[in-house]
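Notes follow once the structure below has been shown.
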Amino acid sequence: MSVPTNSAPSHSNSHSSGSSGFTSSSTSPLDINTTTYTHDASSPFYYNSIPPLNPLNHSPPHRSPPMSPPPPSPIRPQRANTSNPVKYVALWALRSPLRIARKAFLFKPPASLPLKQTLLLLTTVLPEILIHHMLIPLYPYMTRALLPKEHAERTGYYAGLLQSAYALPTTFMDAIWGNLSDAIGRGPVLMTGLIGYGVGTLALGLSTSYWLSVLSLGATGFFSSNAVVAKGMIGQIAHDDASRAWAYSAYGVVFSLAGLAGTLAGGFLADPALFSHIAFLRDRPYFVACSIGTLLAAVGVCITIKYLLHAPGHNHAAKYAALDAAETGLPDSDTMDPMQLSTVCTADSTVFPTTNNNRSTRSHPQHTLPRFLRYLPAFLRPYFQLLSATTLPPILLYATYKLVHSLFHTALPLLASAPTSAGGLGLPAKSTSLAMSLLSLAKLLLKAFYFPIHRTIGTKHSYTLGAALIVPAALIPPLLGHTYTWPAIYASTLLIGAGEGLCYLSTIMLLTDAVGPQHYGLIHGVAGCLGSVMKTLGPAIAGAVWQVGVQADAIWIIFAAVAAVAALGVTLSSGMKVRRWEECVMDDEGDEGERTD
C-alpha cells in the first residue's frame, strides 16, 4: 500500500529497491511525506523500517524540548571553627575513633549475615563465659569458707581440686556435645547445655559442703560446651567468609568482654562482709555470684526456644561417611570430597559454600575403614575418622595457640614475681595483674578489628601474622626486662595480645572451613578437647621448664620455648594450601558486602 502524494509535479529521480522491499519517490525536497513503504515480510527492512508520517498531517513529529541542565548545587559552607586549631583537633580526635569503629567492626556487618540470629546466638554463651571467669578468683575463698579450719594449711590443694572438677569434664565433653549437635541439631544441644549449666551453678550457690561444691562444679563443667556448639552454629548460619569473619569477631569480643566483666564481678563479690547482714547469704556467700549465671541461663533458654530451637539447618541425616576421603587415613587435601570441603567462586567474586549433601548423583570410590578403626567401638570412630590432611592442620594450629597461651601466661607472672636475686623482675602482684590486663585489652581490640584485617590478608595469613608477632614478643621480657622493665613488659604484652587475638579467631575459621556443615560441631569439639589438654599440661610444663632455667641460670629458656612453639605455628600455617575461593577472591575487587577476603 502506497502513501498518497501531493499534486505537485514529480521529478524524475525516483528510486526503486525491490530487493529491499522499500520504494522511495520524492517529488520535492520540501515534500517530506512522499515516501512509499512496502509491507513485505521478506524484506530485511520490514521490522526495522521507520514508520511513515501521518498522511493527513504534514507537520514533523512532535519532539520534546531538550532537558534543561540541573541547577547548580549550592556551595557548601565552610566548616565552622576551623580557625580555632585546638577545637578542630579536639573534634577530629573525637570523631576519628567513631569513624574507624564504624568502618572496622560494629556498625558495618556484611549484608549476607543474619545479624539478629547471630547476636541472639551470642547470648547463649554468656552464662558459661561469665561464670567461668567469675569463679577463677573465688576458688581460694570458697575453699576457706567451705572447709573446716583444720584444713586451712591445704587451701591451695583443695582450691586446685575445685578448679579441676570444673575443667576435667570439658576435656572430653566438648567433642561429645559437638558431635551430638551434628546429629540432632544445634538448638536442642544449646538448650540442654543452658539448663544443665543453670542447675549446676544454682546447686553450687546453695551448697554449704565442700564435696557438694565439687559435684556441682563437675556437673557445671559437664554442660559447659555451648561455646563449641555456638561456634559450629555461626559457621552454619554465616554462608561466606566475610560473614564468618564478622560473626567470629563478634564472638571473640563478647567472650573477652564477658570474661573481663566476670573477673571484676568475682573480685567484688568475693568480699564476705558484703552479705554478712543477711543470714541466708552469710552461710552461702557465693549464692549471688552463682545466681547471676542461673538467671542468664534462664534468659538463654527462652531465647533458644523462641529464636534458635527450630532455626533452619543442614540435613542431619547425612552420616560421617560423607567425608569418604578421610576414611583412608591421611589423604592429600586435593582428594577430599569437593561437595563437603570446598567452596565455589563465581565470576562476580561472590562466594557460595557448597552445602549440598545429596551424594546419590555422585560416583565416589567406596573406601574401607583403616584396620585400626575396625577394632574401635562404633561411637569412637567418628572422632578418628575426622583426622585427615585437611582437618589436621587447623586442629594442630588450635592446639599450638592454646599451648603458647598457657606457657606464656604462666611464664610471665613467674618472671615478674621472682626476686631480682633469682633473675626475676621483683614486681608486686598489682603490677603483674596490670601487665596481664594490658594483654587482655590488646587481645580484645584485635578481636574487634579482626574483620578488616581478615578482608585484607585472608584467614591463613592472619594466623601467620599473629604467630609471627608472638615469636619476638616472647623474647622481650627476659632479654630487655632487667634494663627497660616497663617498656619491655608493655611491648611484650601488647604484641602477645595482638598475636593471640589473630591466632584465636583464625583457627576458629580454619576449623569451620575444614569440613562440611554437618560436622562443624565435631571438629570444634575435637579441637576444644585438645585445647583443654594443652591448658592442663601447659602450666605444668612451664613450671618445670622454669625450674630448669633457674637452676641453670638461664631463665630465658621457657620464653624461648614459647617462641619456638609460635614459630612452629608460623611454619604450619605457611605450609597450608590456600583454598580455591581465597585465591579467586583475592585476585578480584569485589563488592564491599560480598568480599570474603
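Ordering of the C-alpha cells sets the chain letters (A, B, ...); residue numbers start at 1 within each chain; ligands are numbered from 1 in the order shown.
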Go through region 250-298 of chain A and flag each residue having an atom no more than 10 Å from region 233-246 of chain A; for those, report the closest pair of atoms plus their distance in Å to one decimal, using only C-alpha atoms, ordered by chain and rising number, as a Markdown table.
```
| residue | atom | partner | partner_atom | distance |
| --- | --- | --- | --- | --- |
| A:Ala250 | CA | A:Trp246 | CA | 6.2 |
| A:Tyr251 | CA | A:Trp246 | CA | 8.6 |
| A:Gly252 | CA | A:Trp246 | CA | 9.9 |
```
Atoms kept (N, CA, C and O atoms) for selection, written as an mmCIF file, in the first residue's frame:
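File again.cif, as written:
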```
data_model
loop_
_atom_site.group_PDB
_atom_site.id
_atom_site.type_symbol
_atom_site.label_atom_id
_atom_site.label_comp_id
_atom_site.auth_asym_id
_atom_site.auth_seq_id
_atom_site.Cartn_x
_atom_site.Cartn_y
_atom_site.Cartn_z
ATOM 1 N N ALA A 250 32.710 -10.870 66.409
ATOM 2 C CA ALA A 250 31.745 -10.512 67.453
ATOM 3 C C ALA A 250 31.769 -11.530 68.586
ATOM 4 O O ALA A 250 31.671 -11.169 69.767
ATOM 5 N N TYR A 251 31.912 -12.799 68.246
ATOM 6 C CA TYR A 251 32.016 -13.834 69.277
ATOM 7 C C TYR A 251 33.237 -13.597 70.173
ATOM 8 O O TYR A 251 33.157 -13.706 71.403
ATOM 9 N N GLY A 252 34.375 -13.278 69.551
ATOM 10 C CA GLY A 252 35.570 -13.018 70.344
ATOM 11 C C GLY A 252 35.427 -11.799 71.235
ATOM 12 O O GLY A 252 35.896 -11.794 72.381
#
```
Need to verify the contact set: Thr118 (chain A), 8 Å, only C-alpha atoms, exclusion of same-chain residues closer than 3 positions in sequence. Can you return it as a PyMOL selection string? chain A and resi 113-115+121-122+234+237+247
Tell me, which residues of region 420-516 of chain A carry DSSP helix (DSSP H, G or I), written as number ranges by chain? A: 420-422, 429-448, 450-457, 459-480, 485-513
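Those residues that approach Ser209 (chain A) to within 9 Å, counting only C-alpha atoms, are A:Leu146, A:Leu147, A:Val214; same-chain residues fewer than 5 positions away are not listed.
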Just N, CA and C atoms for this one: save the residues we selected as a PDB file, in the first residue's frame.
```
ATOM      1  N   LEU A 146      34.242 -23.180 102.943  1.00  0.00           N
ATOM      2  CA  LEU A 146      33.533 -24.453 102.982  1.00  0.00           C
ATOM      3  C   LEU A 146      34.263 -25.519 103.782  1.00  0.00           C
ATOM      4  N   LEU A 147      35.590 -25.425 103.930  1.00  0.00           N
ATOM      5  CA  LEU A 147      36.352 -26.440 104.641  1.00  0.00           C
ATOM      6  C   LEU A 147      36.496 -26.086 106.118  1.00  0.00           C
ATOM      7  N   VAL A 214      32.141 -29.609  94.888  1.00  0.00           N
ATOM      8  CA  VAL A 214      32.924 -30.315  93.873  1.00  0.00           C
ATOM      9  C   VAL A 214      32.004 -31.001  92.864  1.00  0.00           C
TER      10      VAL A 214
END
```
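The interatomic distance for the pair CA of Ile195 (chain A) and CA of Thr507 (chain A) works out to 28.9 Å.
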Enter the distance from CA of Thr192 (chain A) to CA of Phe223 (chain A), in Å, rounded to one decimal. 7.8 Å
